[in-house]
Amino acid sequence: MTSTEVTPAARASRSRGRGDGFRLLGIRLQPAWFFIAPSVLIILVFIVYPITQSLWYSLFNWQIGATNQEWVGVGNYVKLFHDELFWNALRVTATFAVVSVASQLVVGYLLATALAEDTWINRVTRSIFFFPTIVALTTIGLVWRFLLDPDIGLVGGILHTIGAEPIDFLQNTSLALPSVIFVSVWKNLGFTMVLLLAGLKAVPAYLYEAARIDGANARQLTWHVTIPTIRPTILFTTLILTINSLQVFDLVYVMTGGGPLFSTDTLVTQLFREGFQNFHIGYASAIAWVLFALIMIIAAFQLRLFRYNDVD
Amino acid sequence: MSTDLRAIGRVRPPRGGSIRRGLGKTTVWMIISIGIVIALVPFVWMVSGSFRSEADLFGNPASLFPTSWTLHGYTAIWQQLPFLRLLLNTLIFAGGTTVLLLLFDSMCAYALARLKFRGSKLLFWLVIATLMVPIQVTLIPVFIELFHFGWLDTYQGLIIPRATSAFGIFLLRQSFISIPRELDEAARIDGAGHLRIYARIILPLSKPALATLAVLHFMTLWNDLLWPLIVTSSPDMRTLPAGLTLFGGQHVTDHAVLLAGATISLLPLALAFFLAQRFFVQGVATTGLK
Amino acid sequence: MRKIPVLVAGGLVAAIALTGCSSATPASSGPVKLSMWTGFTGGDRPAYEALISDFNASHKNIQVTMDVQPWDTIAQKLPAAWATGQGPDLATPNFDPNVISKYLETNSLLPLEATGNGATDINLDKLAPSAIKAFTAKGKLYAVPANIATLQLYYNKKTFAAASITDAPKTVTEFQEDAKKLTSGGNYGLALADHETIQMWPVLQWLDGADIVDTKGCAVIDSAKSVSSLTTWANLVTKDKVAPVGKTGAEADSLFSAGKAAMEINGPWAAAGFKSAGVDFGVAAIPAGVNGTVTLASTVPLAIGKSTKHPKEAQEFLAWYTGKSAQTKFALASGFPPVRTDLGADAQLSGNAIVSSFAAALPTARLYLPGVTGATQVDSEVYVPFIGQITRGEDVAKAATEAAKKIDAITGCRG
């Protein structure tokens, strides 16, 4: 596909000699440094340094700008351990992550297989399902909150018209979280579908041919050919979705603000409340680090589970 | 990676998985049609709501369409916001960041995928780890940093901190390692250096992945609310979504204006989406994300 | 094949554009420039903007630029901005007056000393006393009220007529009976919001002489009086369904706008929206309680950052802002009562029914959790969930005991 294109271009450069290193003030620099420099600089300055700072904050009863910060050591973490709202937020976050990631993967996979063929109708349908992905979460939260309102919303209005009792989706402590999860799945489904579709399309045809010759049925093809082959895609998708859903904030914040009665209060909404409403920066940083550690552990576990290194 | 390159992205999956055969095509399409309705109705409601008066919106909740029309939401925005300036800022922010991000991410991904260097494993884990930091955590330290750099309320303050993304590096690395190494080696024998291999072989072969990344990030940045609000402190530097927050009041909410704002800020994206959807709804299919 | 040059060129163009736009800081001659951050988004914004442009037009030597941003954004960056000495000269740190104590902890506020009786002084004695009390710490004033509002009873005249009720309720008993009468077939007698709102429930408690916290910061929400008052109202919600459960302020407003709620306790800002939604409504005083009339007042503090380079000019602005002519004009434009107490006789203001109704309530209006340590946290982590519990049928006495414990833990009451 490409060798004919590449060679002339590469040949043209022959006279310039090997580009395998750069000289700066006589020091031979590794080429890799050049390539990674911009990203690494940005990551160090704007992510790594701030997050280590927040680790530092978490050991204090931190007040922004105060000259003397009150050292509390692991005090914030101990307090967190005894904070029922933290355990509640952890439970909500875990439920949110597990349910939304699992539903997105399953429904996304089904959609991807159903729409895999490149017919025009499939393409249009894929685009429609992908569309919610491009919309801002705050817009989505605003619109859905209105749609789901039992008294003045579309869903309530339709239920009322057909004579049913309106449902208080976001006001009911047991329905609020499922409703928010539903909207989150609705928003991200297209993205998941497209990622999985990429994996499906890259499964070499000869694998299916070979399996069919061996007499495999459709179910066996799915479980023994498709899924093992697209494992790296599933890993990537799961990892990204998990990380994103553990950090869920905007949608919850706009739709329920964490309520009613903390039934949708996630770790990041709690962090936000502590840090920016109660001004407990140290405590908020402790929550952040617990969340960070949690995500790290889960990601490492997922990478191991899917034997990530096989990909290389 | 022994698969022939030509096999990738060219083959059709088997005709029908178990699911489709089990349920039958009609059932599948009935379910999909319901899905389509659920996917579209909120947007129809949003656009129609932006033309509805408060009385109509609350009075006829079961109706998806206006019974009386008003343009008041749009005129309010047009009169009260420096609309073109906001649009320009959003383009500079989302566009500029996307361009830099593609460049930096692809360079970093190239190093990770192709170069052997000390600390490459560490870097890879660092990149993965940065994926996991919620923005709320670093907000205050980053704000203070930007102040010390003198970057608050400037374009570079808006753009540079966002000009790399762990997601992008991760995705591009995956894409790059699926390009057969034989191609680089051939070029190398011809005397090409890394810069040349990166620019002339790896990037052109990763166009779909780059396009996908560009679109995804452009969308995210376009919609971003928190970041522009934190970095900017003058109305002239605001982006469109950030500027539109002026209409959501603490006590009073004018729904027509809010929905008009949502529609307006979605419009350019929707347009871009329909023009570029080939790239990412199908283009993703060849990102090498296999 | 030309990807890289294009990318590099794009990057360069971006970089040039960046540097070109960043270095434009004018030399410090000409008028003093004051920056001001406020959270007055939404329908109130034009009234504040008009004030600022009036000030700028009449003060050639001082120019104020107001940047309006969501309250959340201010909460996120103002503490860091002021603590590092580079924030705006003036700001409304939060809509919650208790936030002043938070900024005092970090020593971020400039004490206001330009007070006095002159036309260019901050006329301390003439400003709403409840607000001034909330903004004073250790004998020093740290903010002036950017606005003050009281809550009154909005009622839907059409619904009232349909239920053959002629007047707005005058007593608590009438209030409760009317609410029941006006509730039918999916319509509520009273739109009560319990979160993301200006608090309505404390007014109901106060009417019965009950309260949340006493002056020492100790919880009294579990007192016999409080429990009995809350039980009555909780029953009205859970059994008689006079009010919806779990609504935000905006949702409660929408109910009233839609004609699905006959009454709502709300501030002056709501009038315009109700009018444009075509509701035929009246505004009445909150019915009298056991201790006479009472309602809730809310006020937004407007403070000066300690690091400002122009303390004199900033205070001059505050003096003008709280002055007679500015407040008269602001009241007429926004429907808010003036922050001054000496404008009652002003013909223009008393001619405006809405303004005068809300202004009339000022003398007996009380702030929500004034001077309570951790008031924001008491609100978000105790009071809001507590109301949520009792309106969902939980035992009031039990929930109140729990809530009292949590409140005392936050406020540090050792009573």
# chains A, B, ... in the order shown; residues from 1 in each chain; ligands from 1
call {"tool": "residues_around", "arguments": {"residues": "Thr133 in chain A", "least_positions_apart": "4", "cutoff": "8 Å", "atoms": "only C-alpha atoms", "output": "PyMOL selection string"}}
result
chain A and resi 187-191
call {"tool": "residues_around", "arguments": {"residues": "range 111-114 of chain C", "least_positions_apart": "6", "cutoff": "7 Å", "atoms": "only C-alpha atoms", "output": "compact mmCIF listing (two decimals) with C-alpha atoms, in the first residue's frame"}}
result
# COMPACT_ATOMS: atom_id res chain seq x y z
CA ASP C 121 -18.81 58.05 52.18
CA ILE C 122 -20.22 54.63 52.77
CA LYS C 140 -14.55 46.18 61.15
CA LEU C 141 -16.71 46.28 58.06
CA TYR C 142 -15.51 44.07 55.21
CA GLN C 315 -14.21 52.49 48.40
call {"tool": "residues_around", "arguments": {"residues": "Thr192 in chain A", "least_positions_apart": "3", "cutoff": "9 Å", "atoms": "only C-alpha atoms", "output": "PyMOL selection string"}}
result
chain A and resi 104-105+107-109+112+130+188-189+195-197+237-238+241
call {"tool": "closest_atom_pairs", "arguments": {"of": "range 30-132 of chain C", "to": "range 258-275 of chain C", "cutoff": "12 Å", "atoms": "only C-alpha atoms", "output": "tab-separated table"}}
result
residue	atom	partner	partner_atom	distance
C:Phe40	CA	C:Trp269	CA	11.6
C:Gly42	CA	C:Trp269	CA	10.0
C:Gly43	CA	C:Trp269	CA	7.7
C:Asp44	CA	C:Trp269	CA	7.2
C:Arg45	CA	C:Trp269	CA	11.0
C:Ala47	CA	C:Trp269	CA	11.3
call {"tool": "write_last_selection", "arguments": {"atoms": "N, CA and C atoms", "output": "mmCIF file, in the first residue's frame"}}
result
data_model
loop_
_atom_site.group_PDB
_atom_site.id
_atom_site.type_symbol
_atom_site.label_atom_id
_atom_site.label_comp_id
_atom_site.auth_asym_id
_atom_site.auth_seq_id
_atom_site.Cartn_x
_atom_site.Cartn_y
_atom_site.Cartn_z
ATOM 1 N N PHE C 40 -23.543 37.813 39.024
ATOM 2 C CA PHE C 40 -24.911 38.188 38.655
ATOM 3 C C PHE C 40 -25.228 37.801 37.225
ATOM 4 N N GLY C 42 -27.792 35.774 34.492
ATOM 5 C CA GLY C 42 -29.244 35.663 34.415
ATOM 6 C C GLY C 42 -29.941 37.000 34.298
ATOM 7 N N GLY C 43 -31.204 37.008 34.691
ATOM 8 C CA GLY C 43 -32.052 38.160 34.438
ATOM 9 C C GLY C 43 -31.669 39.432 35.169
ATOM 10 N N ASP C 44 -30.917 39.317 36.284
ATOM 11 C CA ASP C 44 -30.571 40.517 37.045
ATOM 12 C C ASP C 44 -29.436 41.301 36.406
ATOM 13 N N ARG C 45 -28.666 40.622 35.560
ATOM 14 C CA ARG C 45 -27.420 41.189 35.058
ATOM 15 C C ARG C 45 -27.560 42.591 34.465
ATOM 16 N N ALA C 47 -29.427 45.050 35.101
ATOM 17 C CA ALA C 47 -29.578 46.109 36.101
ATOM 18 C C ALA C 47 -28.218 46.470 36.707
#
call {"tool": "residues_around", "arguments": {"residues": "range 141-148 of chain B", "least_positions_apart": "3", "cutoff": "9 Å", "atoms": "only C-alpha atoms", "output": "list in words"}}
result
Val45, Phe46, Ile47, Tyr49, Pro50, Ile51, Gln53 and Ser54 of chain A; Val137, Thr138, Trp151, Leu152, Gly157, Pro161, Ile230 and Val231 of chain B; Lys77, Ala80, Ala81, Thr84 and Gln86 of chain C
call {"tool": "interface_residues", "arguments": {"of": "chain C", "to": "chain A", "cutoff": "6 Å", "atoms": "only C-alpha atoms", "output": "list in words"}}
result
Ala75, Gln76, Ala83, Thr106, Gly246, Gln377 and Pro385 of chain C
call {"tool": "write_last_selection", "arguments": {"atoms": "C-alpha atoms", "output": "PDB file, in the first residue's frame"}}
result
ATOM      1  CA  ALA C  75     -15.782  30.050  44.178  1.00  0.00           C
ATOM      2  CA  GLN C  76     -13.142  28.110  42.282  1.00  0.00           C
ATOM      3  CA  ALA C  83      -4.624  34.887  48.269  1.00  0.00           C
ATOM      4  CA  THR C 106      -7.093  33.895  54.540  1.00  0.00           C
ATOM      5  CA  GLY C 246     -37.232  17.441  45.943  1.00  0.00           C
ATOM      6  CA  GLN C 377     -21.695  23.037  55.027  1.00  0.00           C
ATOM      7  CA  PRO C 385     -30.796  16.490  53.275  1.00  0.00           C
TER       8      PRO C 385
END
call {"tool": "select_by_dssp", "arguments": {"residues": "range 29-78 of chain A", "states": "strand (DSSP E or B)", "output": "PyMOL selection string"}}
result
chain A and resi 29+60-61+70-71
call {"tool": "write_last_selection", "arguments": {"atoms": "C-alpha atoms", "output": "PDB file, in the first residue's frame"}}
result
ATOM      1  CA  LEU A  29      21.150  14.153  22.381  1.00  0.00           C
ATOM      2  CA  PHE A  60      -2.557  19.956  56.032  1.00  0.00           C
ATOM      3  CA  ASN A  61      -5.694  21.674  57.056  1.00  0.00           C
ATOM      4  CA  GLU A  70      -1.864  23.566  60.060  1.00  0.00           C
ATOM      5  CA  TRP A  71      -0.119  20.211  59.667  1.00  0.00           C
TER       6      TRP A  71
END
call {"tool": "residues_around", "arguments": {"residues": "Asn94 in chain C", "least_positions_apart": "5", "cutoff": "12 Å", "atoms": "only C-alpha atoms", "output": "VMD selection string"}}
result
(chain A and resid 276 to 278) or (chain B and resid 250) or (chain C and resid 37 to 40 69 to 79 99 to 103 143 145 to 146 298 to 303 376)
call {"tool": "interface_residues", "arguments": {"of": "chain B", "to": "chain C", "cutoff": "7 Å", "atoms": "only C-alpha atoms", "output": "PyMOL selection string"}}
result
chain B and resi 54-55+58-59+96+99-100+103+140+144+154-156+199-200+204+229-230+233-235+245-253
call {"tool": "closest_residue", "arguments": {"among": "C:Gln176, C:Thr231, C:Ser350, C:Ser130", "to": "Ala365 in chain C", "atoms": "only C-alpha atoms"}}
result
C:Ser130
call {"tool": "atom_distance", "arguments": {"atom1": "CA of Lys309 in chain C", "atom2": "CA of Asp236 in chain B"}}
result
23.2 Å
call {"tool": "closest_residue", "arguments": {"among": "B:Ala62, B:Leu71, B:Leu131, B:Met30", "to": "chain A", "atoms": "only C-alpha atoms"}}
result
B:Ala62
call {"tool": "select_by_dssp", "arguments": {"residues": "range 60-272 of chain B", "states": "helix (DSSP H, G or I)", "output": "VMD selection string"}}
result
chain B and resid 72 to 80 83 to 114 120 to 130 135 to 149 155 to 162 166 to 177 181 to 189 194 to 205 207 to 223 226 to 231 235 to 237 240 to 247 255 to 272
call {"tool": "write_last_selection", "arguments": {"atoms": "C-alpha atoms", "output": "compact mmCIF listing (two decimals), in the first residue's frame"}}
result
# COMPACT_ATOMS: atom_id res chain seq x y z
CA HIS B 72 -36.55 36.13 21.87
CA GLY B 73 -33.92 33.60 22.97
CA TYR B 74 -31.80 34.27 19.90
CA THR B 75 -32.22 38.02 19.89
CA ALA B 76 -31.26 38.18 23.57
CA ILE B 77 -28.02 36.33 22.88
CA TRP B 78 -27.23 38.34 19.81
CA GLN B 79 -27.82 41.63 21.61
CA GLN B 80 -26.12 40.82 24.88
CA PHE B 83 -21.05 36.82 19.68
CA LEU B 84 -18.46 36.89 16.89
CA ARG B 85 -15.65 37.53 19.31
CA LEU B 86 -16.73 34.54 21.40
CA LEU B 87 -16.91 32.42 18.29
CA LEU B 88 -13.43 33.50 17.24
CA ASN B 89 -12.04 32.75 20.70
CA THR B 90 -13.60 29.33 20.67
CA LEU B 91 -12.07 28.63 17.27
CA ILE B 92 -8.65 29.81 18.39
CA PHE B 93 -8.85 27.84 21.60
CA ALA B 94 -10.29 24.62 20.23
CA GLY B 95 -8.49 24.81 16.89
CA GLY B 96 -5.10 25.95 18.18
CA THR B 97 -5.09 23.44 20.97
CA THR B 98 -6.09 20.63 18.65
CA VAL B 99 -3.28 21.43 16.21
CA LEU B 100 -0.63 21.56 18.90
CA LEU B 101 -2.05 18.54 20.60
CA LEU B 102 -1.88 16.45 17.45
CA LEU B 103 1.72 17.47 16.92
CA PHE B 104 2.90 16.87 20.47
CA ASP B 105 0.92 13.70 21.03
CA SER B 106 2.05 12.13 17.79
CA MET B 107 5.69 12.98 18.55
CA CYS B 108 5.46 11.46 21.98
CA ALA B 109 3.59 8.45 20.65
CA TYR B 110 6.26 7.98 17.99
CA ALA B 111 8.96 7.85 20.63
CA LEU B 112 6.95 5.38 22.66
CA ALA B 113 6.14 3.19 19.70
CA ARG B 114 9.43 3.25 17.84
CA SER B 120 10.28 4.71 28.09
CA LYS B 121 8.36 2.35 30.31
CA LEU B 122 8.23 4.98 33.02
CA LEU B 123 6.97 7.50 30.51
CA PHE B 124 4.29 5.15 29.31
CA TRP B 125 3.02 4.65 32.84
CA LEU B 126 3.26 8.35 33.49
CA VAL B 127 1.06 8.96 30.49
CA ILE B 128 -1.46 6.37 31.63
CA ALA B 129 -1.41 7.83 35.12
CA THR B 130 -2.15 11.33 33.91
CA ILE B 135 -9.28 18.26 36.42
CA GLN B 136 -10.92 19.47 39.64
CA VAL B 137 -7.89 18.23 41.57
CA THR B 138 -5.30 20.29 39.77
CA LEU B 139 -7.44 23.35 39.29
CA ILE B 140 -6.09 25.51 42.09
CA PRO B 141 -2.38 24.67 41.66
CA VAL B 142 -2.64 25.16 37.89
CA PHE B 143 -4.42 28.45 38.36
CA ILE B 144 -1.61 29.66 40.62
CA GLU B 145 1.02 28.44 38.14
CA LEU B 146 -0.65 30.27 35.29
CA PHE B 147 -0.64 33.39 37.42
CA HIS B 148 3.10 33.07 38.01
CA PHE B 149 3.69 32.59 34.30
CA TYR B 155 -4.49 32.52 24.65
CA GLN B 156 -1.33 30.68 25.62
CA GLY B 157 -2.78 30.13 29.08
CA LEU B 158 -5.85 28.64 27.48
CA ILE B 159 -4.00 26.52 24.97
CA ILE B 160 -0.61 25.29 26.19
CA PRO B 161 -1.68 23.42 29.34
CA ARG B 162 -4.21 21.51 27.28
CA ALA B 166 -2.71 11.16 27.61
CA PHE B 167 -5.65 9.76 25.70
CA GLY B 168 -4.15 10.97 22.44
CA ILE B 169 -0.69 9.62 23.18
CA PHE B 170 -2.17 6.30 24.16
CA LEU B 171 -4.39 6.08 21.10
CA LEU B 172 -1.67 7.13 18.65
CA ARG B 173 0.87 4.79 20.18
CA GLN B 174 -1.58 1.94 19.61
CA SER B 175 -2.01 3.08 16.07
CA PHE B 176 1.71 3.50 15.37
CA ILE B 177 2.73 0.10 16.67
CA ARG B 181 8.36 -1.91 11.20
CA GLU B 182 9.61 -3.13 7.84
CA LEU B 183 8.51 0.20 6.39
CA ASP B 184 10.75 2.17 8.74
CA GLU B 185 13.61 -0.16 8.17
CA ALA B 186 13.35 0.25 4.45
CA ALA B 187 13.44 4.00 4.87
CA ARG B 188 16.29 3.76 7.31
CA ILE B 189 18.38 1.82 4.82
CA HIS B 194 13.69 9.55 12.82
CA LEU B 195 12.22 12.92 11.99
CA ARG B 196 11.80 11.86 8.42
CA ILE B 197 10.35 8.47 9.27
CA TYR B 198 7.94 10.11 11.67
CA ALA B 199 6.88 12.77 9.21
CA ARG B 200 6.91 10.81 5.99
CA ILE B 201 5.89 7.32 6.99
CA ILE B 202 4.19 7.16 10.34
CA LEU B 203 2.01 10.25 10.14
CA PRO B 204 0.67 9.70 6.61
CA LEU B 205 -0.20 6.13 7.47
CA LYS B 207 -4.27 9.84 8.98
CA PRO B 208 -7.52 8.25 10.14
CA ALA B 209 -6.27 7.97 13.71
CA LEU B 210 -5.10 11.57 13.64
CA ALA B 211 -8.40 12.69 12.17
CA THR B 212 -10.32 10.82 14.81
CA LEU B 213 -8.24 12.30 17.56
CA ALA B 214 -8.57 15.75 16.07
CA VAL B 215 -12.33 15.53 15.92
CA LEU B 216 -12.71 14.07 19.40
CA HIS B 217 -10.52 16.67 20.97
CA PHE B 218 -11.91 19.53 18.99
CA MET B 219 -15.35 18.58 20.28
CA THR B 220 -14.22 18.28 23.86
CA LEU B 221 -12.39 21.58 23.77
CA TRP B 222 -15.21 23.32 22.00
CA ASN B 223 -17.63 22.22 24.69
CA LEU B 226 -14.73 24.97 33.28
CA TRP B 227 -11.30 25.55 31.80
CA PRO B 228 -12.00 28.74 29.81
CA LEU B 229 -13.91 30.16 32.76
CA ILE B 230 -10.98 29.52 35.07
CA VAL B 231 -8.26 30.87 32.81
CA PRO B 235 -15.50 38.94 28.60
CA ASP B 236 -13.31 39.45 25.51
CA MET B 237 -11.39 36.26 26.15
CA LEU B 240 -18.83 30.62 23.40
CA PRO B 241 -19.99 28.03 25.97
CA ALA B 242 -18.33 30.02 28.74
CA GLY B 243 -19.98 33.21 27.55
CA LEU B 244 -23.37 31.54 27.42
CA THR B 245 -23.22 30.81 31.14
CA LEU B 246 -24.20 34.44 31.58
CA PHE B 247 -27.77 33.47 30.86
CA HIS B 255 -35.36 28.64 29.21
CA ALA B 256 -35.72 30.00 25.71
CA VAL B 257 -32.36 31.79 26.02
CA LEU B 258 -30.62 28.81 27.60
CA LEU B 259 -31.86 26.46 24.93
CA ALA B 260 -31.08 28.95 22.18
CA GLY B 261 -27.56 29.16 23.60
CA ALA B 262 -27.24 25.41 23.65
CA THR B 263 -28.46 25.23 20.07
CA ILE B 264 -26.10 27.93 18.88
CA SER B 265 -23.03 26.40 20.45
CA LEU B 266 -23.99 23.00 19.11
CA LEU B 267 -24.60 24.20 15.58
CA PRO B 268 -20.97 24.62 14.41
CA LEU B 269 -20.07 21.29 15.94
CA ALA B 270 -23.02 19.57 14.36
CA LEU B 271 -22.01 21.03 11.03
CA ALA B 272 -18.42 19.89 11.48
call {"tool": "decode", "arguments": {"residues": "range 39-125 of chain B", "atoms": "C-alpha atoms", "output": "compact mmCIF listing (two decimals), in the first residue's frame"}}
result
# COMPACT_ATOMS: atom_id res chain seq x y z
CA ALA B 39 -31.13 9.53 20.55
CA LEU B 40 -32.84 12.29 18.60
CA VAL B 41 -35.81 13.45 20.66
CA PRO B 42 -33.76 15.43 23.20
CA PHE B 43 -32.25 17.48 20.38
CA VAL B 44 -35.55 18.06 18.67
CA TRP B 45 -36.91 19.18 22.03
CA MET B 46 -33.90 21.40 22.60
CA VAL B 47 -34.15 23.17 19.26
CA SER B 48 -37.91 23.51 19.45
CA GLY B 49 -37.68 24.69 23.05
CA SER B 50 -35.40 27.50 21.99
CA PHE B 51 -38.28 28.94 20.00
CA ARG B 52 -40.95 28.44 22.65
CA SER B 53 -42.26 30.96 25.10
CA GLU B 54 -42.17 30.14 28.80
CA ALA B 55 -45.96 29.86 28.88
CA ASP B 56 -46.00 27.41 25.98
CA LEU B 57 -43.11 25.34 27.33
CA PHE B 58 -44.67 24.85 30.75
CA GLY B 59 -48.27 24.83 29.57
CA ASN B 60 -47.90 22.04 27.01
CA PRO B 61 -45.28 19.72 28.42
CA ALA B 62 -46.38 16.80 26.30
CA SER B 63 -45.81 18.69 23.07
CA LEU B 64 -42.52 18.36 21.28
CA PHE B 65 -43.13 21.35 19.05
CA PRO B 66 -43.96 24.98 19.71
CA THR B 67 -47.56 26.08 19.55
CA SER B 68 -46.40 29.66 19.33
CA TRP B 69 -43.02 30.81 18.14
CA THR B 70 -40.65 33.35 19.64
CA LEU B 71 -37.19 34.44 18.59
CA HIS B 72 -36.55 36.13 21.87
CA GLY B 73 -33.92 33.60 22.97
CA TYR B 74 -31.80 34.27 19.90
CA THR B 75 -32.22 38.02 19.89
CA ALA B 76 -31.26 38.18 23.57
CA ILE B 77 -28.02 36.33 22.88
CA TRP B 78 -27.23 38.34 19.81
CA GLN B 79 -27.82 41.63 21.61
CA GLN B 80 -26.12 40.82 24.88
CA LEU B 81 -23.04 38.86 23.88
CA PRO B 82 -20.07 39.82 21.69
CA PHE B 83 -21.05 36.82 19.68
CA LEU B 84 -18.46 36.89 16.89
CA ARG B 85 -15.65 37.53 19.31
CA LEU B 86 -16.73 34.54 21.40
CA LEU B 87 -16.91 32.42 18.29
CA LEU B 88 -13.43 33.50 17.24
CA ASN B 89 -12.04 32.75 20.70
CA THR B 90 -13.60 29.33 20.67
CA LEU B 91 -12.07 28.63 17.27
CA ILE B 92 -8.65 29.81 18.39
CA PHE B 93 -8.85 27.84 21.60
CA ALA B 94 -10.29 24.62 20.23
CA GLY B 95 -8.49 24.81 16.89
CA GLY B 96 -5.10 25.95 18.18
CA THR B 97 -5.09 23.44 20.97
CA THR B 98 -6.09 20.63 18.65
CA VAL B 99 -3.28 21.43 16.21
CA LEU B 100 -0.63 21.56 18.90
CA LEU B 101 -2.05 18.54 20.60
CA LEU B 102 -1.88 16.45 17.45
CA LEU B 103 1.72 17.47 16.92
CA PHE B 104 2.90 16.87 20.47
CA ASP B 105 0.92 13.70 21.03
CA SER B 106 2.05 12.13 17.79
CA MET B 107 5.69 12.98 18.55
CA CYS B 108 5.46 11.46 21.98
CA ALA B 109 3.59 8.45 20.65
CA TYR B 110 6.26 7.98 17.99
CA ALA B 111 8.96 7.85 20.63
CA LEU B 112 6.95 5.38 22.66
CA ALA B 113 6.14 3.19 19.70
CA ARG B 114 9.43 3.25 17.84
CA LEU B 115 12.34 4.46 19.90
CA LYS B 116 14.23 2.58 22.55
CA PHE B 117 15.22 4.93 25.30
CA ARG B 118 15.79 4.86 29.00
CA GLY B 119 12.64 5.58 30.90
CA SER B 120 10.28 4.71 28.09
CA LYS B 121 8.36 2.35 30.31
CA LEU B 122 8.23 4.98 33.02
CA LEU B 123 6.97 7.50 30.51
CA PHE B 124 4.29 5.15 29.31
CA TRP B 125 3.02 4.65 32.84
